[in-house]
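K.L.:
The structure that follows is given in the form of structure tokens.
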Amino acid sequence: MITRVCVAGSGVIGSLLAGHLAQVSEVSVLARREEHARALNEHGLTVSGRVELHQSVVAATDPAALPEPDLVLVCCKGTDLDAVGTRLAGHFPSARVMTLQNGLGADEIVGRHGAWPLLAAVTFMSGTRHSDTSVEYILDTATWIGPSRGTTGEDAREVAELIRSSGLKADGFDDLRPMQWSKLIFNATVNGVAALTGLPHEPRFAQLDEAGDLGHLVLGLIDEGKAVAAAAGIALAEDPWEMNVHATRRGSRHSPSMLEDVEAHRPTEIELINGSLLREAARVGVPVPLQETIYRLVKAKETSWE
Amino acid sequence: MVGCGAVGSLFAANLGTLEEVEVWAFDLSREHVEAINRDGLRLTGAGEVVGKVNATTDPAELPACDFGIVATKAMHTDSAISATAHAFAAGCVATVQNGIGNEEVLARHVARVIRGTTFPAGKLIAPGVVQWDVKGDTTLGPFEPQPAPGAEIERLAEAATRAGMPTHAVADARGPQWRKVIFNAATNPLGALTGLTHGRVCGETPLRRLASQLVEEGKAVASAQGIELDSDPEELIDFAARPEVAYGHKASMLQDVEARRQTEVDFLNGGIVEFGRRYGVPTPGHEMIWALVKGVEASWAH
């Protein structure tokens, strides 16, 4: 039974999960900033948009000040994983820890800091953060969960069931990789192109009418990713090109997080997303010159504001 | 002079110091034209020059000229030459613009075309005043399908050289042109996409390697056309990265991107892609860079 959940990192995804789960479990929030923890303790968490929720939560910047959870959901940015792992080290020995970051290897990074059983998830939920205590729920797409170190599909399904009971969409699987890789290839491509061009994810990304159209580049990048997946023996759950076409037709003109990071001159998740795709490509010996170019350009762009 | 921005001004002001040469300049900037007519065209920096130039925003005012030198941004070639072609009915027209494909555009409007490449650089710092940053050579040669006579090319080169702009008349000007295009196409967009100066682009090893890949593709396209580069663009890249040369220089394409102006990418990477297709040489790197920079331009509409 999962009765206590700790959400570590409360950006959009963390806040959406915390706000929903607080209806069906006892939720605590491990915040990075003291003022954020204080605001949550004083005002609770409000979720608007698709739902109207107002829930009280217990928040702190020190895990020792939080109740012992059954489940930890690590929802920080990929660039903060190591820092969050460091803060969790030595705490919550009986909890299972689940990561929800883009890319590959978030569970491994956190797992270096403790012997917790691990789960990994990819989420397609989206929202907008209005303040430390208020988030708007926009896209009600699913969260997919799979086992990692010391867990099985049973654990994944149990967590999915808990999340579903709170009103969000979730599914548990015996093997997350088909979903994780579909999203990896999608993110490496769409986030990278958006970060370099300044374009939000919009119909141009799927446009193939004329020779110079951006869709050709997107398709080329996705094809490289698919070749890596095939060589790694992973049967993709969804075709990343179809995901791209579908997402651009929704008409929301979504700003990928990597574009937002670039615009704010923050470190991006390039290592966790594109970096892990390149490492897998090197491991299975598949050349990915286009993906490599995206990686190099984004890494260089990060140095321009250092 | 068709287009009297930074590079156009270097030619116009220097030629305007010659007794026997009457220089006219066509430019769309009214302020610049008025300042030139009032005070002369002034260069400062690498050389201190004031040239006598008749400037106008009205192409109808241009007299019949022996020579035209086109120095607009590459995307404005067609409109600029179609407005001024009447002045060159009996003359020869040279391009000193960036990129590939300018000669072809000129040849649709005028009979005798000179292929040109120039290395001097500067920037407009006030109406009528141009900062001369870098001195350098210019190479002129015939545009093969519609050539200007060799003697005329030599006459223009001689005048430019005497005026202070060292210029060589050659039989095949494609080598210097492709060396410069390959240099620009391999480095400018990397600066534009990352925000880094030329020296920092070269200092980031993975990025410098990317530039080399782009150089290789460009060389293959040049060689498929039988063009012999006059020197290796790689050397030019490393030379320009020296602290005393252009380490801290923001490529013109980066300046364009920062100012949200349309770039010359269609005539640099786009030109290499087009010629690659024509000669059956794959250019995946230039295709990718071209698409990314076009994406940057498209993002400004949002």
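Identifiers in this document derive from the order of the structure tokens: chains are assigned A, B, ..., residues are numbered from 1 separately in each chain, and ligands are numbered from 1 in order of occurrence.
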Could you give me, as a PyMOL selection string, the residues within 6 Å of range 75-82 of chain A, counting only C-alpha atoms and dropping anything in the same chain fewer than 4 positions from it?

P.N.:
chain A and resi 8-9+14+100-101+269

K.L.:
Please produce a file of the residues just selected, as a PDB file, in the first residue's frame, where the atoms kept are C-alpha atoms.

P.N.:
```
ATOM      1  CA  ALA A   8      10.962  15.952  -4.875  1.00  0.00           C
ATOM      2  CA  GLY A   9      11.111  19.001  -7.106  1.00  0.00           C
ATOM      3  CA  GLY A  14       5.816  17.837  -9.563  1.00  0.00           C
ATOM      4  CA  LEU A 100      10.143  11.217 -14.377  1.00  0.00           C
ATOM      5  CA  GLN A 101      12.764  13.071 -16.414  1.00  0.00           C
ATOM      6  CA  GLU A 269      18.765  18.947 -20.487  1.00  0.00           C
TER       7      GLU A 269
END
```

K.L.:
Identify, on the basis of only C-alpha atoms, every residue whose closest approach to Ser48 in chain A does not exceed 12 Å; exclude the query and any residue fewer than 4 positions from it along the same chain; express the result as a ChimeraX atom specification.

P.N.:
/A:12,15-16,19-20,52-55,127-131,133-138

K.L.:
May I ask for the distance between CA of Leu207 in chain B and CA of Thr303 in chain A, given in Å to one decimal place?

P.N.:
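For CA of Leu207 in chain B relative to CA of Thr303 in chain A, the distance reads 11.7 Å.
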
K.L.:
For chain A against chain B, which residues fall within 7 Å using only C-alpha atoms, given as a VMD selection string?

P.N.:
chain A and resid 196 to 199 212 to 214 217 296 to 297 300 to 301 304

K.L.:
Using the chain letters and numbers from this document, which residues of range 43-158 of chain B does DSSP assign to strand (DSSP E), as a VMD selection string?

P.N.:
chain B and resid 43 to 45 49 to 51 54 to 56 67 to 70 92 to 95 113 to 118 121 to 126 129 to 134 138 to 142

K.L.:
Residues at most 6 Å from Asp133 in chain B, counting only C-alpha atoms, excluding those fewer than 4 positions away in the same chain, as a list of chain:residue names?

P.N.:
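Skipping anything fewer than 4 positions along the chain leaves B:Ala46, B:Ala121, B:Gly122.
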
K.L.:
To one decimal in Å, tell me the separation between CA of Gly199 in chain B and CA of Met253 in chain B.

P.N.:
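CA of Met253 in chain B lies 14.8 Å from CA of Gly199 in chain B.
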
K.L.:
With only C-alpha atoms as the atoms that count, which of B:Ala74, B:Val93, B:Ala126, B:Ala25 lies nearest to Glu264 in chain B?

P.N.:
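Of B:Ala74, B:Val93, B:Ala126, B:Ala25, the one nearest Glu264 in chain B, counting only C-alpha atoms, is B:Ala74.
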
K.L.:
Mind checking DSSP for range 66-116 of chain A and telling me the helix (DSSP H, G or I) residues as a PyMOL selection string?

P.N.:
chain A and resi 78-88+106-111

K.L.:
Write the selection just made, keeping C-alpha atoms, as a short mmCIF file (atom, residue, chain, number, x, y, z; two decimals), in the first residue's frame?

P.N.:
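The result, stored in again09.cif:
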```
data_model
loop_
_atom_site.label_atom_id
_atom_site.label_comp_id
_atom_site.auth_asym_id
_atom_site.auth_seq_id
_atom_site.Cartn_x
_atom_site.Cartn_y
_atom_site.Cartn_z
CA GLY A 78 17.28 16.73 -15.42
CA THR A 79 20.14 19.09 -14.62
CA ASP A 80 19.24 18.95 -10.90
CA LEU A 81 19.09 15.15 -10.56
CA ASP A 82 22.46 14.81 -8.95
CA ALA A 83 21.72 17.55 -6.44
CA VAL A 84 18.37 16.00 -5.52
CA GLY A 85 19.99 12.57 -5.19
CA THR A 86 22.56 14.07 -2.86
CA ARG A 87 19.85 15.55 -0.67
CA LEU A 88 17.91 12.28 -0.54
CA ALA A 106 17.70 9.63 -14.65
CA ASP A 107 17.01 6.58 -12.43
CA GLU A 108 20.69 5.62 -12.56
CA ILE A 109 21.83 9.09 -11.50
CA VAL A 110 19.52 9.14 -8.47
CA GLY A 111 20.31 5.48 -7.73
#
```

K.L.:
In terms of the shortest atom-to-atom distance over only C-alpha atoms, which of A:Gly103, A:Asp140, A:Thr293, A:Leu17 is closest to Arg50 in chain A?

P.N.:
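Closest candidate: A:Asp140.
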
K.L.:
Would you mind listing what lies within 8 Å of Ile270 in chain A as a list in words, with only C-alpha atoms counted and same-chain residues fewer than 5 positions away left out?

P.N.:
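Within the cut-off, the hits are Ala188, Gly192, Met258, Gly275, Tyr295, Val298 and Lys299 of chain A.
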
K.L.:
Could the residues in this selection be saved with N, CA and C atoms as an mmCIF file, in the first residue's frame?

P.N.:
```cif
data_model
loop_
_atom_site.group_PDB
_atom_site.id
_atom_site.type_symbol
_atom_site.label_atom_id
_atom_site.label_comp_id
_atom_site.auth_asym_id
_atom_site.auth_seq_id
_atom_site.Cartn_x
_atom_site.Cartn_y
_atom_site.Cartn_z
ATOM 1 N N ALA A 188 14.824 14.540 -28.296
ATOM 2 C CA ALA A 188 16.161 14.906 -28.783
ATOM 3 C C ALA A 188 16.014 15.744 -30.047
ATOM 4 N N GLY A 192 15.832 19.916 -29.556
ATOM 5 C CA GLY A 192 17.072 20.434 -30.125
ATOM 6 C C GLY A 192 16.811 21.446 -31.223
ATOM 7 N N MET A 258 13.576 22.904 -23.611
ATOM 8 C CA MET A 258 14.945 23.274 -23.982
ATOM 9 C C MET A 258 14.979 24.675 -24.602
ATOM 10 N N GLY A 275 22.547 13.772 -25.255
ATOM 11 C CA GLY A 275 23.788 13.098 -24.858
ATOM 12 C C GLY A 275 23.578 11.605 -24.701
ATOM 13 N N TYR A 295 23.623 18.279 -30.982
ATOM 14 C CA TYR A 295 24.253 18.219 -29.664
ATOM 15 C C TYR A 295 25.385 19.239 -29.549
ATOM 16 N N VAL A 298 24.009 22.907 -29.501
ATOM 17 C CA VAL A 298 23.347 23.308 -28.253
ATOM 18 C C VAL A 298 24.364 23.432 -27.125
ATOM 19 N N LYS A 299 25.320 22.490 -27.070
ATOM 20 C CA LYS A 299 26.372 22.588 -26.041
ATOM 21 C C LYS A 299 27.134 23.908 -26.206
#
```
